[in-house]
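Dumped target-v8.pdb below, it's PDB, C-alpha atoms:
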```pdb
ATOM      1  CA  MET A   1     -22.430   2.578   3.216  1.00  0.00           C
ATOM      2  CA  ARG A   2     -20.453   3.876   6.178  1.00  0.00           C
ATOM      3  CA  ILE A   3     -16.678   4.213   5.852  1.00  0.00           C
ATOM      4  CA  SER A   4     -14.892   4.297   9.191  1.00  0.00           C
ATOM      5  CA  PRO A   5     -12.652   7.379   9.696  1.00  0.00           C
ATOM      6  CA  VAL A   6     -10.047   5.050  11.199  1.00  0.00           C
ATOM      7  CA  ILE A   7     -10.087   2.961   8.024  1.00  0.00           C
ATOM      8  CA  ILE A   8      -9.548   6.056   5.883  1.00  0.00           C
ATOM      9  CA  LEU A   9      -6.716   7.173   8.137  1.00  0.00           C
ATOM     10  CA  LEU A  10      -4.961   3.827   8.007  1.00  0.00           C
ATOM     11  CA  SER A  11      -4.991   3.507   4.233  1.00  0.00           C
ATOM     12  CA  ALA A  12      -1.403   4.758   4.288  1.00  0.00           C
ATOM     13  CA  ILE A  13      -0.279   1.440   5.736  1.00  0.00           C
ATOM     14  CA  ALA A  14      -2.905  -0.714   4.051  1.00  0.00           C
ATOM     15  CA  LEU A  15      -5.022  -1.450   7.093  1.00  0.00           C
ATOM     16  CA  SER A  16      -7.971  -0.269   5.029  1.00  0.00           C
ATOM     17  CA  GLY A  17     -11.286  -2.028   4.793  1.00  0.00           C
ATOM     18  CA  CYS A  18     -14.939  -1.347   4.182  1.00  0.00           C
ATOM     19  CA  ASN A  19     -17.771  -1.658   6.696  1.00  0.00           C
ATOM     20  CA  GLY A  20     -21.344  -1.612   5.495  1.00  0.00           C
ATOM     21  CA  ALA A  21     -23.984   0.179   7.515  1.00  0.00           C
ATOM     22  CA  ASN A  22     -26.154  -2.876   6.898  1.00  0.00           C
ATOM     23  CA  ASN A  23     -24.358  -6.222   6.852  1.00  0.00           C
ATOM     24  CA  ASN A  24     -27.522  -8.080   5.826  1.00  0.00           C
ATOM     25  CA  VAL A  25     -27.495  -7.007   2.180  1.00  0.00           C
ATOM     26  CA  ASN A  26     -29.470  -9.528   0.142  1.00  0.00           C
ATOM     27  CA  SER A  27     -27.900 -11.498  -2.693  1.00  0.00           C
ATOM     28  CA  ASN A  28     -30.085  -9.858  -5.365  1.00  0.00           C
ATOM     29  CA  ALA A  29     -28.757  -6.416  -4.418  1.00  0.00           C
ATOM     30  CA  ASN A  30     -25.206  -7.723  -4.589  1.00  0.00           C
ATOM     31  CA  SER A  31     -25.888  -9.294  -7.988  1.00  0.00           C
ATOM     32  CA  ASN A  32     -27.202  -5.997  -9.332  1.00  0.00           C
ATOM     33  CA  ARG A  33     -24.095  -4.205  -8.077  1.00  0.00           C
ATOM     34  CA  VAL A  34     -21.840  -6.721  -9.817  1.00  0.00           C
ATOM     35  CA  LEU A  35     -23.696  -6.234 -13.103  1.00  0.00           C
ATOM     36  CA  ASP A  36     -23.494  -2.434 -12.829  1.00  0.00           C
ATOM     37  CA  PHE A  37     -19.833  -2.318 -11.830  1.00  0.00           C
ATOM     38  CA  LYS A  38     -17.393  -1.349 -14.594  1.00  0.00           C
ATOM     39  CA  PRO A  39     -13.761  -1.806 -13.555  1.00  0.00           C
ATOM     40  CA  PRO A  40     -11.412   0.980 -14.688  1.00  0.00           C
ATOM     41  CA  GLN A  41      -8.626   0.452 -17.174  1.00  0.00           C
ATOM     42  CA  PRO A  42      -5.624  -1.200 -15.491  1.00  0.00           C
ATOM     43  CA  ILE A  43      -2.707   1.088 -14.717  1.00  0.00           C
ATOM     44  CA  LYS A  44       0.589   0.606 -16.548  1.00  0.00           C
ATOM     45  CA  PRO A  45       4.105   2.006 -16.019  1.00  0.00           C
ATOM     46  CA  LEU A  46       5.288   4.739 -18.367  1.00  0.00           C
ATOM     47  CA  GLU A  47       8.198   2.625 -19.604  1.00  0.00           C
ATOM     48  CA  ALA A  48       9.515  -0.922 -19.445  1.00  0.00           C
ATOM     49  CA  ALA A  49      11.776  -1.922 -16.572  1.00  0.00           C
ATOM     50  CA  ASP A  50      15.539  -1.761 -17.146  1.00  0.00           C
ATOM     51  CA  PRO A  51      17.033  -5.107 -16.003  1.00  0.00           C
ATOM     52  CA  THR A  52      20.337  -3.348 -15.191  1.00  0.00           C
ATOM     53  CA  PHE A  53      18.730  -0.735 -12.904  1.00  0.00           C
ATOM     54  CA  LYS A  54      20.161  -0.834  -9.377  1.00  0.00           C
ATOM     55  CA  THR A  55      17.748   0.174  -6.647  1.00  0.00           C
ATOM     56  CA  CYS A  56      18.989   1.987  -3.532  1.00  0.00           C
ATOM     57  CA  ASN A  57      17.277  -0.458  -1.148  1.00  0.00           C
ATOM     58  CA  PRO A  58      16.563  -4.091  -2.124  1.00  0.00           C
ATOM     59  CA  TYR A  59      13.860  -4.454   0.554  1.00  0.00           C
ATOM     60  CA  PHE A  60      11.865  -1.618  -1.032  1.00  0.00           C
ATOM     61  CA  PRO A  61      12.876  -1.894  -4.695  1.00  0.00           C
ATOM     62  CA  LEU A  62      11.836   1.276  -6.504  1.00  0.00           C
ATOM     63  CA  VAL A  63      12.476  -0.037 -10.012  1.00  0.00           C
ATOM     64  CA  PRO A  64      10.919   2.162 -12.727  1.00  0.00           C
ATOM     65  CA  GLY A  65       8.713   0.043 -14.966  1.00  0.00           C
ATOM     66  CA  SER A  66       8.219  -2.706 -12.386  1.00  0.00           C
ATOM     67  CA  ILE A  67       4.807  -4.234 -11.679  1.00  0.00           C
ATOM     68  CA  ALA A  68       3.665  -6.151  -8.591  1.00  0.00           C
ATOM     69  CA  LYS A  69       0.182  -7.622  -8.219  1.00  0.00           C
ATOM     70  CA  TYR A  70      -1.393  -8.703  -4.943  1.00  0.00           C
ATOM     71  CA  VAL A  71      -4.593 -10.349  -3.806  1.00  0.00           C
ATOM     72  CA  ILE A  72      -6.076  -8.786  -0.656  1.00  0.00           C
ATOM     73  CA  ASN A  73      -8.528 -10.728   1.490  1.00  0.00           C
ATOM     74  CA  TYR A  74     -10.334  -8.337   3.820  1.00  0.00           C
ATOM     75  CA  SER A  75     -11.653  -9.417   7.203  1.00  0.00           C
ATOM     76  CA  SER A  76     -15.096  -8.276   5.983  1.00  0.00           C
ATOM     77  CA  GLY A  77     -15.053 -11.024   3.323  1.00  0.00           C
ATOM     78  CA  ILE A  78     -14.305  -8.774   0.335  1.00  0.00           C
ATOM     79  CA  THR A  79     -11.465  -9.798  -1.998  1.00  0.00           C
ATOM     80  CA  GLY A  80      -9.509  -7.094  -3.806  1.00  0.00           C
ATOM     81  CA  ASP A  81      -6.895  -7.050  -6.556  1.00  0.00           C
ATOM     82  CA  LEU A  82      -4.061  -4.560  -6.108  1.00  0.00           C
ATOM     83  CA  THR A  83      -1.633  -3.544  -8.866  1.00  0.00           C
ATOM     84  CA  VAL A  84       1.470  -1.547  -7.904  1.00  0.00           C
ATOM     85  CA  ILE A  85       3.698   0.134 -10.507  1.00  0.00           C
ATOM     86  CA  VAL A  86       6.704   2.450 -10.251  1.00  0.00           C
ATOM     87  CA  ASP A  87       7.769   5.390 -12.426  1.00  0.00           C
ATOM     88  CA  ALA A  88      10.579   7.911 -11.939  1.00  0.00           C
ATOM     89  CA  ALA A  89      11.234  11.550 -12.828  1.00  0.00           C
ATOM     90  CA  ASP A  90      13.744  14.275 -12.012  1.00  0.00           C
ATOM     91  CA  GLU A  91      12.307  16.966  -9.738  1.00  0.00           C
ATOM     92  CA  GLY A  92      14.493  19.863  -8.686  1.00  0.00           C
ATOM     93  CA  GLY A  93      17.686  17.980  -9.428  1.00  0.00           C
ATOM     94  CA  ARG A  94      16.786  14.774  -7.592  1.00  0.00           C
ATOM     95  CA  LYS A  95      15.186  11.538  -8.717  1.00  0.00           C
ATOM     96  CA  VAL A  96      11.679  11.072  -7.355  1.00  0.00           C
ATOM     97  CA  PHE A  97       9.946   7.712  -7.609  1.00  0.00           C
ATOM     98  CA  ALA A  98       6.174   7.697  -8.043  1.00  0.00           C
ATOM     99  CA  GLN A  99       4.462   4.508  -6.923  1.00  0.00           C
ATOM    100  CA  ARG A 100       0.900   4.112  -8.171  1.00  0.00           C
ATOM    101  CA  SER A 101      -1.377   1.485  -6.628  1.00  0.00           C
ATOM    102  CA  GLN A 102      -4.781   0.548  -8.040  1.00  0.00           C
ATOM    103  CA  LEU A 103      -7.204  -1.403  -5.847  1.00  0.00           C
ATOM    104  CA  ILE A 104     -10.340  -2.955  -7.336  1.00  0.00           C
ATOM    105  CA  ASP A 105     -12.953  -5.089  -5.601  1.00  0.00           C
ATOM    106  CA  ARG A 106     -12.708  -8.415  -7.435  1.00  0.00           C
ATOM    107  CA  SER A 107     -16.399  -9.271  -6.979  1.00  0.00           C
ATOM    108  CA  GLY A 108     -17.692  -5.788  -7.736  1.00  0.00           C
ATOM    109  CA  GLY A 109     -20.047  -6.213  -4.793  1.00  0.00           C
ATOM    110  CA  MET A 110     -18.939  -3.001  -3.084  1.00  0.00           C
ATOM    111  CA  GLN A 111     -17.787  -1.289  -6.300  1.00  0.00           C
ATOM    112  CA  ILE A 112     -14.415  -0.302  -4.858  1.00  0.00           C
ATOM    113  CA  ASN A 113     -11.985   1.575  -7.085  1.00  0.00           C
ATOM    114  CA  GLN A 114      -9.035   3.195  -5.332  1.00  0.00           C
ATOM    115  CA  LEU A 115      -5.902   4.836  -6.718  1.00  0.00           C
ATOM    116  CA  ILE A 116      -3.011   5.667  -4.384  1.00  0.00           C
ATOM    117  CA  VAL A 117      -0.026   7.740  -5.518  1.00  0.00           C
ATOM    118  CA  ARG A 118       3.001   7.848  -3.228  1.00  0.00           C
ATOM    119  CA  ARG A 119       6.252   9.703  -3.896  1.00  0.00           C
ATOM    120  CA  PHE A 120       9.626   8.540  -2.590  1.00  0.00           C
ATOM    121  CA  VAL A 121      13.288   9.533  -2.703  1.00  0.00           C
ATOM    122  CA  CYS A 122      16.445   7.667  -1.761  1.00  0.00           C
ATOM    123  CA  ASP A 123      18.570   9.012   1.085  1.00  0.00           C
ATOM    124  CA  GLY A 124      21.654   6.868   0.694  1.00  0.00           C
ATOM    125  CA  GLU A 125      20.256   3.364   1.219  1.00  0.00           C
ATOM    126  CA  ARG A 126      17.186   4.577   3.097  1.00  0.00           C
ATOM    127  CA  VAL A 127      13.856   5.225   1.383  1.00  0.00           C
ATOM    128  CA  LEU A 128      11.985   8.375   2.442  1.00  0.00           C
ATOM    129  CA  ILE A 129       8.323   9.029   1.701  1.00  0.00           C
ATOM    130  CA  LEU A 130       7.459  12.552   0.532  1.00  0.00           C
ATOM    131  CA  SER A 131       3.722  12.487  -0.050  1.00  0.00           C
ATOM    132  CA  GLU A 132       0.671  10.341  -0.618  1.00  0.00           C
ATOM    133  CA  LYS A 133      -2.727  10.919  -2.202  1.00  0.00           C
ATOM    134  CA  THR A 134      -5.602   8.443  -2.208  1.00  0.00           C
ATOM    135  CA  GLU A 135      -8.561   8.798  -4.585  1.00  0.00           C
ATOM    136  CA  SER A 136     -11.459   6.480  -3.770  1.00  0.00           C
ATOM    137  CA  THR A 137     -14.806   5.583  -5.296  1.00  0.00           C
ATOM    138  CA  ILE A 138     -16.773   3.186  -3.107  1.00  0.00           C
ATOM    139  CA  ALA A 139     -20.350   2.287  -4.070  1.00  0.00           C
ATOM    140  CA  GLY A 140     -20.496   5.478  -6.140  1.00  0.00           C
ATOM    141  CA  GLN A 141     -19.205   7.733  -3.334  1.00  0.00           C
ATOM    142  CA  HIS A 142     -16.088   9.756  -4.191  1.00  0.00           C
ATOM    143  CA  SER A 143     -13.486  11.009  -1.744  1.00  0.00           C
ATOM    144  CA  SER A 144      -9.791  11.787  -1.575  1.00  0.00           C
ATOM    145  CA  VAL A 145      -7.238  11.918   1.211  1.00  0.00           C
ATOM    146  CA  ASP A 146      -3.897  13.744   1.145  1.00  0.00           C
ATOM    147  CA  PHE A 147      -1.189  12.625   3.559  1.00  0.00           C
ATOM    148  CA  ASP A 148       1.222  15.379   4.557  1.00  0.00           C
ATOM    149  CA  TYR A 149       4.325  13.564   5.807  1.00  0.00           C
ATOM    150  CA  ARG A 150       6.762  15.047   8.263  1.00  0.00           C
ATOM    151  CA  GLU A 151      10.199  15.764   6.811  1.00  0.00           C
ATOM    152  CA  ASN A 152      12.577  12.778   6.799  1.00  0.00           C
ATOM    153  CA  SER A 153       9.796  10.212   7.253  1.00  0.00           C
ATOM    154  CA  VAL A 154      11.488   6.858   6.651  1.00  0.00           C
ATOM    155  CA  MET A 155       9.631   4.271   4.596  1.00  0.00           C
ATOM    156  CA  MET A 156      12.389   1.666   4.741  1.00  0.00           C
ATOM    157  CA  ALA A 157      15.587   1.656   6.802  1.00  0.00           C
ATOM    158  CA  ASP A 158      18.953   0.828   5.244  1.00  0.00           C
ATOM    159  CA  PRO A 159      19.782  -2.883   4.708  1.00  0.00           C
ATOM    160  CA  GLN A 160      22.376  -2.959   7.508  1.00  0.00           C
ATOM    161  CA  SER A 161      19.755  -1.774  10.010  1.00  0.00           C
ATOM    162  CA  ILE A 162      17.138  -4.183   8.658  1.00  0.00           C
ATOM    163  CA  ALA A 163      19.568  -7.055   9.298  1.00  0.00           C
ATOM    164  CA  ARG A 164      19.455  -6.269  13.047  1.00  0.00           C
ATOM    165  CA  THR A 165      16.447  -7.673  14.901  1.00  0.00           C
ATOM    166  CA  GLY A 166      14.848  -4.976  17.030  1.00  0.00           C
ATOM    167  CA  THR A 167      15.753  -2.029  14.776  1.00  0.00           C
ATOM    168  CA  THR A 168      13.018   0.618  14.937  1.00  0.00           C
ATOM    169  CA  TRP A 169      12.072   3.733  12.996  1.00  0.00           C
ATOM    170  CA  SER A 170       8.976   5.826  12.422  1.00  0.00           C
ATOM    171  CA  GLN A 171       7.160   8.183  10.101  1.00  0.00           C
ATOM    172  CA  ALA A 172       4.465  10.740  10.802  1.00  0.00           C
ATOM    173  CA  PHE A 173       1.764  12.565   8.872  1.00  0.00           C
ATOM    174  CA  ARG A 174      -1.349  14.696   9.045  1.00  0.00           C
ATOM    175  CA  ASN A 175      -4.164  13.885   6.666  1.00  0.00           C
ATOM    176  CA  VAL A 176      -6.610  16.077   4.770  1.00  0.00           C
ATOM    177  CA  VAL A 177      -9.932  14.439   3.824  1.00  0.00           C
ATOM    178  CA  ASN A 178     -11.738  15.893   0.813  1.00  0.00           C
ATOM    179  CA  ASN A 179     -15.392  15.018   0.210  1.00  0.00           C
ATOM    180  CA  PRO A 180     -17.484  16.573  -2.599  1.00  0.00           C
ATOM    181  CA  GLY A 181     -19.515  19.550  -1.429  1.00  0.00           C
ATOM    182  CA  GLN A 182     -17.677  19.801   1.889  1.00  0.00           C
ATOM    183  CA  PRO A 183     -14.673  21.867   3.011  1.00  0.00           C
ATOM    184  CA  PRO A 184     -11.409  19.922   3.443  1.00  0.00           C
ATOM    185  CA  SER A 185     -11.005  18.381   6.888  1.00  0.00           C
ATOM    186  CA  ARG A 186      -7.423  18.449   8.208  1.00  0.00           C
ATOM    187  CA  SER A 187      -6.390  16.341  11.180  1.00  0.00           C
ATOM    188  CA  LYS A 188      -5.047  18.351  14.109  1.00  0.00           C
ATOM    189  CA  ASP A 189      -2.739  15.684  15.496  1.00  0.00           C
ATOM    190  CA  LEU A 190       0.164  13.858  13.901  1.00  0.00           C
ATOM    191  CA  THR A 191      -0.381  10.179  13.201  1.00  0.00           C
ATOM    192  CA  ILE A 192       2.743   8.178  14.044  1.00  0.00           C
ATOM    193  CA  ILE A 193       3.589   4.900  12.293  1.00  0.00           C
ATOM    194  CA  ASN A 194       6.148   2.807  14.183  1.00  0.00           C
ATOM    195  CA  PHE A 195       8.220   0.066  12.540  1.00  0.00           C
ATOM    196  CA  GLU A 196      10.205  -2.735  14.178  1.00  0.00           C
ATOM    197  CA  VAL A 197      12.316  -5.464  12.585  1.00  0.00           C
ATOM    198  CA  GLY A 198      11.273  -8.895  13.836  1.00  0.00           C
ATOM    199  CA  GLY A 199      14.131 -10.829  12.259  1.00  0.00           C
ATOM    200  CA  PRO A 200      14.465 -13.368   9.439  1.00  0.00           C
ATOM    201  CA  ALA A 201      11.522 -15.555   8.448  1.00  0.00           C
ATOM    202  CA  GLU A 202      10.639 -18.217   5.906  1.00  0.00           C
ATOM    203  CA  VAL A 203       7.563 -17.269   3.895  1.00  0.00           C
ATOM    204  CA  THR A 204       5.590 -19.137   1.237  1.00  0.00           C
ATOM    205  CA  THR A 205       3.352 -17.459  -1.335  1.00  0.00           C
ATOM    206  CA  SER A 206       1.686 -18.474  -4.587  1.00  0.00           C
ATOM    207  CA  VAL A 207       4.788 -17.240  -6.464  1.00  0.00           C
ATOM    208  CA  GLY A 208       7.288 -19.214  -4.385  1.00  0.00           C
ATOM    209  CA  ALA A 209       9.012 -19.745  -1.047  1.00  0.00           C
ATOM    210  CA  PHE A 210      11.446 -17.073   0.139  1.00  0.00           C
ATOM    211  CA  LYS A 211      13.798 -16.040   2.909  1.00  0.00           C
ATOM    212  CA  ALA A 212      12.323 -12.788   4.148  1.00  0.00           C
ATOM    213  CA  VAL A 213      12.595 -10.213   6.917  1.00  0.00           C
ATOM    214  CA  LYS A 214       9.597  -9.695   9.180  1.00  0.00           C
ATOM    215  CA  ILE A 215       8.691  -6.071   9.961  1.00  0.00           C
ATOM    216  CA  THR A 216       5.839  -5.002  12.239  1.00  0.00           C
ATOM    217  CA  ARG A 217       4.081  -1.682  11.634  1.00  0.00           C
ATOM    218  CA  LYS A 218       1.836  -0.091  14.250  1.00  0.00           C
ATOM    219  CA  ILE A 219      -0.549   2.824  14.560  1.00  0.00           C
ATOM    220  CA  GLY A 220      -1.844   2.792  18.103  1.00  0.00           C
ATOM    221  CA  GLU A 221      -3.492  -0.592  18.669  1.00  0.00           C
ATOM    222  CA  ASN A 222      -3.627  -1.398  14.932  1.00  0.00           C
ATOM    223  CA  SER A 223      -0.765  -3.340  13.395  1.00  0.00           C
ATOM    224  CA  THR A 224       0.422  -5.408  10.454  1.00  0.00           C
ATOM    225  CA  VAL A 225       3.173  -7.988  10.137  1.00  0.00           C
ATOM    226  CA  ASP A 226       4.906  -7.573   6.775  1.00  0.00           C
ATOM    227  CA  TYR A 227       7.348  -9.904   5.037  1.00  0.00           C
ATOM    228  CA  TYR A 228       9.938  -8.297   2.753  1.00  0.00           C
ATOM    229  CA  VAL A 229      12.183 -10.188   0.341  1.00  0.00           C
ATOM    230  CA  PRO A 230      15.337  -8.536  -1.079  1.00  0.00           C
ATOM    231  CA  GLY A 231      14.722  -7.671  -4.719  1.00  0.00           C
ATOM    232  CA  LEU A 232      10.946  -8.182  -4.507  1.00  0.00           C
ATOM    233  CA  GLY A 233       9.912  -6.035  -1.564  1.00  0.00           C
ATOM    234  CA  LEU A 234       6.624  -6.844   0.155  1.00  0.00           C
ATOM    235  CA  VAL A 235       5.435 -10.407  -0.542  1.00  0.00           C
ATOM    236  CA  LYS A 236       2.999 -11.009   2.316  1.00  0.00           C
ATOM    237  CA  ARG A 237       1.111  -9.009   4.954  1.00  0.00           C
ATOM    238  CA  GLN A 238      -1.142  -9.953   7.841  1.00  0.00           C
ATOM    239  CA  ALA A 239      -3.119  -7.303   9.712  1.00  0.00           C
ATOM    240  CA  LYS A 240      -4.138  -7.742  13.331  1.00  0.00           C
ATOM    241  CA  GLU A 241      -7.807  -7.296  12.400  1.00  0.00           C
ATOM    242  CA  GLY A 242      -7.656 -10.137   9.864  1.00  0.00           C
ATOM    243  CA  THR A 243      -6.946  -8.562   6.463  1.00  0.00           C
ATOM    244  CA  SER A 244      -4.174 -10.300   4.490  1.00  0.00           C
ATOM    245  CA  TRP A 245      -2.098  -9.552   1.388  1.00  0.00           C
ATOM    246  CA  GLU A 246      -0.162 -11.932  -0.847  1.00  0.00           C
ATOM    247  CA  LEU A 247       1.988 -11.321  -3.912  1.00  0.00           C
ATOM    248  CA  LYS A 248       0.549 -13.220  -6.879  1.00  0.00           C
ATOM    249  CA  GLU A 249       2.489 -11.871  -9.878  1.00  0.00           C
ATOM    250  CA  TYR A 250       5.403  -9.549 -10.661  1.00  0.00           C
ATOM    251  CA  SER A 251       7.638  -8.291 -13.460  1.00  0.00           C
ATOM    252  CA  GLY A 252      10.733  -6.091 -13.581  1.00  0.00           C
ATOM    253  CA  LEU A 253      11.759  -7.421 -10.151  1.00  0.00           C
ATOM    254  CA  LYS A 254      14.000 -10.317  -9.137  1.00  0.00           C
ATOM    255  CA  ALA A 255      14.470 -11.995  -5.766  1.00  0.00           C
ATOM    256  CA  MET A 256      18.015 -11.753  -4.409  1.00  0.00           C
ATOM    257  CA  GLY A 257      19.960 -14.287  -2.376  1.00  0.00           C
TER     258      GLY A 257
END
```
Please express what this file holds, its structure, as structure tokens.
Amino acid sequence: MRISPVIILLSAIALSGCNGANNNVNSNANSNRVLDFKPPQPIKPLEAADPTFKTCNPYFPLVPGSIAKYVINYSSGITGDLTVIVDAADEGGRKVFAQRSQLIDRSGGMQINQLIVRRFVCDGERVLILSEKTESTIAGQHSSVDFDYRENSVMMADPQSIARTGTTWSQAFRNVVNNPGQPPSRSKDLTIINFEVGGPAEVTTSVGAFKAVKITRKIGENSTVDYYVPGLGLVKRQAKEGTSWELKEYSGLKAMG
């Protein structure tokens, strides 16, 4: 199976996907893969969520102990289940939030198992991203990617800025791809992710209807339209190339307003 370098690069903003070198895989081969596939143990937070915890930014609620589960429908036809949990720890006198995301191919057809660990800190009411590491096993092939973010890379702007349509911000990183038996490959150029607030929007998901804020994220010609709800964070995502996300279950979080 061939994994596009662009797809690997864009995993930071969930524009990831999987392209087979041969799209005409027969059903018997797929059936065998499903039978052989053993999903990993589901990830769990280190402690239960504190209902009195106050997050620094309601649009990106870093609540230790919280769990959010999504269904991802890829443009390739694969359906994935994504579980996102948050833990927190003191590092060098500041609170660092570790967000772990586990992606598993629901069908088992491509045997996808991916774990993403991202680290964040609060800067007032802004959320900054410090680092990201993605460990992937796809059809038995292992790889990892480290994302080295530029200092002061903003993951989510403060609520006052988000309330203004047209607000923009950005983050930037270089990535290091690690494949077994090969030296690490570090990108020479910075990858820039641009964000723009599109204004308020009504959004309906399987867990309810909400008043959200629409935010567009772009890397070059690739983009997603994301819908964020105060208290819940991301509830829906639509990528330009066809991949979609939808929140299907959550705990330790509560919609505001």
For CA of Phe173 (chain A) and CA of Ser66 (chain A), quote the distance in Å rounded to one decimal.
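Between CA of Phe173 (chain A) and CA of Ser66 (chain A) the gap is 27.0 Å.
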As a PDB file with C-alpha atoms, in the coordinates of the input, please: the residues near region 186-197 of chain A (cut-off 10 Å, only C-alpha atoms, same-chain neighbours under 5 positions excluded).
```pdb
ATOM      1  CA  LEU A   9      -6.716   7.173   8.137  1.00  0.00           C
ATOM      2  CA  LEU A  10      -4.961   3.827   8.007  1.00  0.00           C
ATOM      3  CA  ALA A  12      -1.403   4.758   4.288  1.00  0.00           C
ATOM      4  CA  ILE A  13      -0.279   1.440   5.736  1.00  0.00           C
ATOM      5  CA  VAL A 145      -7.238  11.918   1.211  1.00  0.00           C
ATOM      6  CA  ASP A 146      -3.897  13.744   1.145  1.00  0.00           C
ATOM      7  CA  PHE A 147      -1.189  12.625   3.559  1.00  0.00           C
ATOM      8  CA  ASP A 148       1.222  15.379   4.557  1.00  0.00           C
ATOM      9  CA  TYR A 149       4.325  13.564   5.807  1.00  0.00           C
ATOM     10  CA  ARG A 150       6.762  15.047   8.263  1.00  0.00           C
ATOM     11  CA  SER A 153       9.796  10.212   7.253  1.00  0.00           C
ATOM     12  CA  VAL A 154      11.488   6.858   6.651  1.00  0.00           C
ATOM     13  CA  MET A 155       9.631   4.271   4.596  1.00  0.00           C
ATOM     14  CA  MET A 156      12.389   1.666   4.741  1.00  0.00           C
ATOM     15  CA  ALA A 157      15.587   1.656   6.802  1.00  0.00           C
ATOM     16  CA  SER A 161      19.755  -1.774  10.010  1.00  0.00           C
ATOM     17  CA  ILE A 162      17.138  -4.183   8.658  1.00  0.00           C
ATOM     18  CA  ALA A 163      19.568  -7.055   9.298  1.00  0.00           C
ATOM     19  CA  ARG A 164      19.455  -6.269  13.047  1.00  0.00           C
ATOM     20  CA  THR A 165      16.447  -7.673  14.901  1.00  0.00           C
ATOM     21  CA  GLY A 166      14.848  -4.976  17.030  1.00  0.00           C
ATOM     22  CA  THR A 167      15.753  -2.029  14.776  1.00  0.00           C
ATOM     23  CA  THR A 168      13.018   0.618  14.937  1.00  0.00           C
ATOM     24  CA  TRP A 169      12.072   3.733  12.996  1.00  0.00           C
ATOM     25  CA  SER A 170       8.976   5.826  12.422  1.00  0.00           C
ATOM     26  CA  GLN A 171       7.160   8.183  10.101  1.00  0.00           C
ATOM     27  CA  ALA A 172       4.465  10.740  10.802  1.00  0.00           C
ATOM     28  CA  PHE A 173       1.764  12.565   8.872  1.00  0.00           C
ATOM     29  CA  ARG A 174      -1.349  14.696   9.045  1.00  0.00           C
ATOM     30  CA  ASN A 175      -4.164  13.885   6.666  1.00  0.00           C
ATOM     31  CA  VAL A 176      -6.610  16.077   4.770  1.00  0.00           C
ATOM     32  CA  VAL A 177      -9.932  14.439   3.824  1.00  0.00           C
ATOM     33  CA  ASN A 178     -11.738  15.893   0.813  1.00  0.00           C
ATOM     34  CA  VAL A 213      12.595 -10.213   6.917  1.00  0.00           C
ATOM     35  CA  LYS A 214       9.597  -9.695   9.180  1.00  0.00           C
ATOM     36  CA  ILE A 215       8.691  -6.071   9.961  1.00  0.00           C
ATOM     37  CA  THR A 216       5.839  -5.002  12.239  1.00  0.00           C
ATOM     38  CA  ARG A 217       4.081  -1.682  11.634  1.00  0.00           C
ATOM     39  CA  LYS A 218       1.836  -0.091  14.250  1.00  0.00           C
ATOM     40  CA  ILE A 219      -0.549   2.824  14.560  1.00  0.00           C
ATOM     41  CA  GLY A 220      -1.844   2.792  18.103  1.00  0.00           C
ATOM     42  CA  ASN A 222      -3.627  -1.398  14.932  1.00  0.00           C
ATOM     43  CA  SER A 223      -0.765  -3.340  13.395  1.00  0.00           C
ATOM     44  CA  THR A 224       0.422  -5.408  10.454  1.00  0.00           C
ATOM     45  CA  VAL A 225       3.173  -7.988  10.137  1.00  0.00           C
ATOM     46  CA  ASP A 226       4.906  -7.573   6.775  1.00  0.00           C
TER      47      ASP A 226
END
```
Give me, please, the distance in Å between CA of Lys211 (chain A) and CA of Glu125 (chain A), quoted to one decimal.
20.5 Å
Take the PyMOL selection byres ((chain A and resi 103) around 10), run it mentally on this structure, and tell me the resulting residues as a list in words.
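Applied to this file, the PyMOL selection byres ((chain A and resi 103) around 10) selects Pro42, Lys69, Tyr70, Val71, Ile72, Gly80, Asp81, Leu82, Thr83, Val84, Ser101, Gln102, Ile104, Asp105, Arg106, Ile112, Asn113, Gln114, Leu115, Ile116 and Ser136 of chain A.
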Distance query Tyr228 (chain A) at most 6 Å, all atoms listed in the file, self and fewer than 2 positions along chain excluded, as number ranges by chain
A: 59, 212-213, 233-235
Between CA of Gly257 (chain A) and CA of Gln238 (chain A), measure the distance and give it in Å to one decimal.
23.8 Å
